$ cat protein_21.cif   # mmCIF, C-alpha atoms
data_data
loop_
_atom_site.label_atom_id
_atom_site.label_comp_id
_atom_site.auth_asym_id
_atom_site.auth_seq_id
_atom_site.Cartn_x
_atom_site.Cartn_y
_atom_site.Cartn_z
CA MET A 1 -110.22 -156.07 42.41
CA THR A 2 -108.32 -152.93 41.77
CA LEU A 3 -104.70 -152.59 42.88
CA THR A 4 -102.44 -149.57 43.01
CA THR A 5 -98.73 -150.13 42.35
CA ASP A 6 -95.78 -147.78 42.41
CA THR A 7 -92.18 -147.53 41.29
CA GLY A 8 -89.71 -149.20 43.59
CA THR A 9 -91.98 -152.22 44.08
CA PHE A 10 -92.11 -155.58 42.31
CA SER A 11 -94.12 -155.61 39.08
CA HIS A 12 -94.97 -151.91 39.00
CA GLY A 13 -97.87 -151.12 36.69
CA HIS A 14 -98.84 -154.67 35.74
CA LEU A 15 -99.49 -158.16 37.07
CA ASP A 16 -96.29 -160.19 36.86
CA LYS A 17 -96.59 -163.23 34.55
CA GLY A 18 -95.49 -165.63 37.27
CA THR A 19 -97.99 -164.21 39.74
CA LYS A 20 -100.69 -164.58 37.10
CA VAL A 21 -99.80 -168.26 36.66
CA LEU A 22 -99.94 -168.74 40.44
CA LEU A 23 -103.29 -166.95 40.78
CA GLU A 24 -104.85 -168.87 37.89
CA GLN A 25 -103.99 -172.09 39.73
CA LEU A 26 -104.28 -170.84 43.30
CA LEU A 27 -105.85 -174.07 44.55
CA THR A 28 -105.71 -176.40 41.54
CA GLY A 29 -105.27 -180.00 42.62
CA THR A 30 -104.71 -179.13 46.26
CA PRO A 31 -105.98 -180.95 49.32
CA GLU A 32 -108.26 -179.07 51.69
CA LEU A 33 -106.34 -176.63 53.84
CA PRO A 34 -106.17 -177.36 57.56
CA PRO A 35 -107.36 -174.63 59.93
CA GLY A 36 -105.05 -171.71 60.47
CA PRO A 37 -103.67 -168.54 58.95
CA LEU A 38 -102.26 -168.22 55.43
CA LEU A 39 -99.11 -166.44 54.28
CA ASP A 40 -97.94 -164.53 51.22
CA ILE A 41 -94.14 -164.25 51.23
CA GLY A 42 -92.96 -161.08 49.45
CA CYS A 43 -96.44 -159.62 49.08
CA GLY A 44 -95.52 -156.56 47.01
CA ALA A 45 -98.64 -154.52 46.30
CA GLY A 46 -100.73 -157.53 47.26
CA PRO A 47 -102.21 -159.46 44.33
CA ILE A 48 -101.67 -162.86 45.99
CA THR A 49 -102.63 -161.58 49.44
CA LEU A 50 -105.84 -160.00 48.21
CA SER A 51 -106.79 -163.08 46.20
CA LEU A 52 -106.31 -165.25 49.29
CA ALA A 53 -108.23 -162.78 51.47
CA ALA A 54 -111.17 -162.75 49.05
CA ARG A 55 -111.13 -166.55 48.62
CA PHE A 56 -110.82 -167.22 52.38
CA PRO A 57 -112.74 -164.41 54.14
CA ASP A 58 -112.85 -166.32 57.45
CA ARG A 59 -109.07 -166.75 57.65
CA VAL A 60 -106.29 -164.40 58.59
CA ILE A 61 -103.91 -163.72 55.71
CA TYR A 62 -100.40 -162.56 56.58
CA ALA A 63 -98.66 -160.42 53.95
CA VAL A 64 -94.93 -160.04 54.53
CA ASP A 65 -92.35 -158.00 52.66
CA VAL A 66 -89.12 -156.16 53.45
CA ASN A 67 -90.07 -153.21 51.21
CA ALA A 68 -91.87 -150.49 53.23
CA ARG A 69 -93.55 -149.03 50.14
CA ALA A 70 -94.86 -152.46 49.13
CA LEU A 71 -96.36 -152.89 52.60
CA GLU A 72 -98.05 -149.46 52.36
CA LEU A 73 -99.51 -150.35 48.96
CA CYS A 74 -100.68 -153.78 50.12
CA ARG A 75 -102.37 -152.21 53.16
CA ALA A 76 -104.09 -149.55 51.02
CA ASN A 77 -105.12 -152.12 48.40
CA ALA A 78 -106.66 -154.37 51.07
CA GLU A 79 -108.59 -151.42 52.52
CA ASN A 80 -109.70 -150.17 49.09
CA ASN A 81 -111.04 -153.64 48.27
CA ASP A 82 -112.82 -154.04 51.65
CA LEU A 83 -110.63 -156.95 52.70
CA HIS A 84 -110.21 -156.75 56.46
CA ASN A 85 -108.72 -160.18 57.19
CA VAL A 86 -105.17 -159.18 56.26
CA ILE A 87 -102.19 -158.59 58.56
CA ILE A 88 -99.44 -156.70 56.78
CA ALA A 89 -96.00 -156.84 58.35
CA ARG A 90 -92.27 -156.93 57.96
CA PRO A 91 -90.97 -160.49 58.51
CA GLU A 92 -89.60 -159.73 61.98
CA GLU A 93 -92.98 -158.35 63.08
CA VAL A 94 -94.78 -161.70 62.67
CA ASP A 95 -95.16 -163.59 65.95
CA PRO A 96 -92.66 -166.48 65.72
CA ASP A 97 -95.23 -168.85 67.24
CA VAL A 98 -97.67 -168.47 64.33
CA VAL A 99 -97.95 -171.68 62.29
CA PHE A 100 -99.33 -171.38 58.75
CA ALA A 101 -101.85 -173.67 57.09
CA GLY A 102 -100.81 -172.46 53.65
CA ILE A 103 -98.01 -170.42 52.09
CA TRP A 104 -97.99 -168.83 48.63
CA SER A 105 -95.21 -166.92 46.94
CA ASN A 106 -93.65 -165.67 43.78
CA PRO A 107 -90.36 -165.58 45.70
CA PRO A 108 -87.54 -163.06 45.27
CA ILE A 109 -85.32 -165.19 43.04
CA ARG A 110 -83.18 -162.27 41.88
CA GLY A 111 -82.01 -161.67 45.44
CA GLY A 112 -79.74 -164.69 45.06
CA LYS A 113 -79.84 -168.30 46.21
CA GLU A 114 -78.54 -167.64 49.71
CA LEU A 115 -81.28 -165.12 50.47
CA LEU A 116 -83.95 -167.24 48.79
CA HIS A 117 -82.96 -170.35 50.74
CA GLU A 118 -82.95 -168.41 54.01
CA ILE A 119 -86.43 -167.01 53.30
CA LEU A 120 -87.88 -170.38 52.34
CA MET A 121 -86.38 -172.23 55.31
CA THR A 122 -87.63 -169.55 57.69
CA TRP A 123 -91.22 -169.58 56.46
CA PHE A 124 -91.65 -173.18 55.32
CA GLY A 125 -90.31 -174.22 58.71
CA ARG A 126 -93.50 -172.63 60.10
CA LEU A 127 -95.85 -174.58 57.84
CA SER A 128 -98.27 -176.84 59.72
CA THR A 129 -97.71 -180.58 59.36
CA SER A 130 -100.85 -180.92 57.23
CA GLY A 131 -100.46 -177.61 55.40
CA TYR A 132 -98.86 -176.87 52.06
CA GLY A 133 -97.21 -174.13 50.06
CA ARG A 134 -97.25 -173.02 46.45
CA LEU A 135 -94.30 -171.37 44.74
CA VAL A 136 -94.10 -170.06 41.20
CA VAL A 137 -90.63 -169.85 39.68
CA HIS A 138 -89.51 -169.39 36.09
CA LYS A 139 -87.64 -172.40 34.69
CA ASN A 140 -84.81 -170.12 33.48
CA LEU A 141 -84.45 -168.68 36.99
CA GLY A 142 -83.84 -172.01 38.68
CA SER A 143 -87.20 -173.64 39.35
CA ASP A 144 -85.85 -177.15 38.80
CA SER A 145 -82.79 -176.62 41.03
CA LEU A 146 -85.02 -175.03 43.69
CA GLN A 147 -87.28 -178.08 43.58
CA LYS A 148 -84.25 -180.34 44.09
CA TRP A 149 -82.91 -178.11 46.88
CA LEU A 150 -86.23 -178.25 48.76
CA ALA A 151 -86.27 -182.03 48.38
CA SER A 152 -82.70 -182.15 49.75
CA ARG A 153 -84.07 -180.39 52.84
CA SER A 154 -86.68 -183.18 53.20
CA PHE A 155 -89.59 -181.13 51.90
CA ALA A 156 -91.88 -182.91 49.49
CA CYS A 157 -91.85 -180.69 46.41
CA ASP A 158 -93.82 -181.60 43.32
CA ARG A 159 -94.29 -179.72 40.08
CA VAL A 160 -98.02 -179.08 39.71
CA SER A 161 -97.80 -177.47 36.30
CA SER A 162 -95.62 -175.67 33.82
CA ARG A 163 -97.03 -172.73 31.90
CA SER A 164 -95.44 -169.84 30.01
CA GLY A 165 -92.01 -170.93 31.26
CA PHE A 166 -93.11 -170.91 34.91
CA ARG A 167 -93.17 -173.92 37.18
CA LEU A 168 -95.79 -174.13 39.91
CA LEU A 169 -94.36 -176.06 42.84
CA HIS A 170 -96.41 -177.70 45.62
CA VAL A 171 -94.45 -177.97 48.89
CA THR A 172 -95.24 -179.91 52.06
CA ARG A 173 -93.31 -180.29 55.30
CA PRO A 174 -90.84 -183.06 55.91
CA THR A 175 -92.43 -186.14 57.38
CA ASP A 176 -91.09 -187.55 60.60
CA PRO A 177 -89.26 -190.85 60.11
CA ALA A 178 -91.26 -193.79 61.43
#

$ encode --input "protein_21.cif" --output "structure tokens"
Amino acid sequence: MTLTTDTGTFSHGHLDKGTKVLLEQLLTGTPELPPGPLLDIGCGAGPITLSLAARFPDRVIYAVDVNARALELCRANAENNDLHNVIIARPEEVDPDVVFAGIWSNPPIRGGKELLHEILMTWFGRLSTSGYGRLVVHKNLGSDSLQKWLASRSFACDRVSSRSGFRLLHVTRPTDPA
């Protein structure tokens, strides 16, 4: 695939190292996804979105971002790569009743913990009971504390791998107490 990036968007001009780690292990060691749409939180120009769209051509892939230019680039990149199963939207434009079978993200850590926690609770709260998410976070930017925080919110959060300083986290919904 070919992607166009631009200034003012995440990882302009190159594939971010964390995103590369996530893409290299997109589905490594994962259970089969249940039916339903998939989500890329903070899609940027779309490398995760487009990888999901190509890997799962029969599913709808939601690409969300708050950056208008990133959304324009993601839309153009999907079109230029003939990927027509992508919905590109600002977070508030996604129907609140949509439940996701899978969520992937190289989340916006540098926006601060409060923003990050709000984003993750919003979207992971919409994960199907049998679905899962994958997050890539650099260890020096709080991957271990994020893993503990998710666990404190009753999410199962396991480290799948650690490569080049990045942790790949596998997240599932809280289970209902028996």

$ resolve_selection --input "protein_21.cif" --expression "the PyMOL selection byres ((chain A and resi 74-86) around 10)" --output "JSON, numbers by chain"
{"A": [1, 2, 3, 4, 5, 37, 38, 39, 43, 44, 45, 46, 47, 49, 50, 51, 52, 53, 54, 56, 57, 58, 59, 60, 61, 62, 63, 64, 65, 68, 69, 70, 71, 72, 73, 87, 88, 89]}

$ atom_distance --input "protein_21.cif" --atom1 "atom CA of A:Asp95" --atom2 "atom CA of A:Phe155"
23.2 Å

$ atom_distance --input "protein_21.cif" --atom1 "atom CA of A:Ile48" --atom2 "atom CA of A:Leu168"
14.1 Å

$ atom_distance --input "protein_21.cif" --atom1 "atom CA of A:Glu92" --atom2 "atom CA of A:Gly111"
18.3 Å

$ residues_near_point --input "protein_21.cif" --point "(-86.4, -172.9, 47.8)" --cutoff "12 Å" --atoms "all atoms listed in the file" --output "ChimeraX atom specification"
/A:105-109,112-125,133-137,141-157,169-171

$ resolve_selection --input "protein_21.cif" --expression "the PyMOL selection byres ((chain A and resi 101) around 8)" --output "NGL selection string"
:A and (33-38 or 99-100 or 102-103 or 127-128 or 130-132)

$ resolve_selection --input "protein_21.cif" --expression "the PyMOL selection byres ((chain A and resi 161) around 10)" --output "JSON list (two decimals) with C-alpha atoms, in the coordinates of the input"
[["chain", "number", "residue", "atom", "x", "y", "z"],
["A", 21, "VAL", "CA", -99.80, -168.26, 36.66],
["A", 22, "LEU", "CA", -99.94, -168.74, 40.44],
["A", 25, "GLN", "CA", -103.99, -172.09, 39.73],
["A", 28, "THR", "CA", -105.71, -176.40, 41.54],
["A", 136, "VAL", "CA", -94.10, -170.06, 41.20],
["A", 158, "ASP", "CA", -93.82, -181.60, 43.32],
["A", 159, "ARG", "CA", -94.29, -179.72, 40.08],
["A", 160, "VAL", "CA", -98.02, -179.08, 39.71],
["A", 162, "SER", "CA", -95.62, -175.67, 33.82],
["A", 163, "ARG", "CA", -97.03, -172.73, 31.90],
["A", 166, "PHE", "CA", -93.11, -170.91, 34.91],
["A", 167, "ARG", "CA", -93.17, -173.92, 37.18],
["A", 168, "LEU", "CA", -95.79, -174.13, 39.91],
["A", 169, "LEU", "CA", -94.36, -176.06, 42.84],
["A", 170, "HIS", "CA", -96.41, -177.70, 45.62]]

$ closest_residue --input "protein_21.cif" --among "A:His138, A:Lys20, A:Thr129, A:Gly42" --to "A:Arg90" --atoms "only C-alpha atoms"
A:Gly42

$ axis_aligned_box --input "protein_21.cif" --around "stretch 83-89 of chain A" --padding-each-side "8 Å" --output "lines of an AutoDock Vina configuration file"
center_x = -103.3
center_y = -158.4
center_z = 55.6
size_x = 30.6
size_y = 19.5
size_z = 21.9
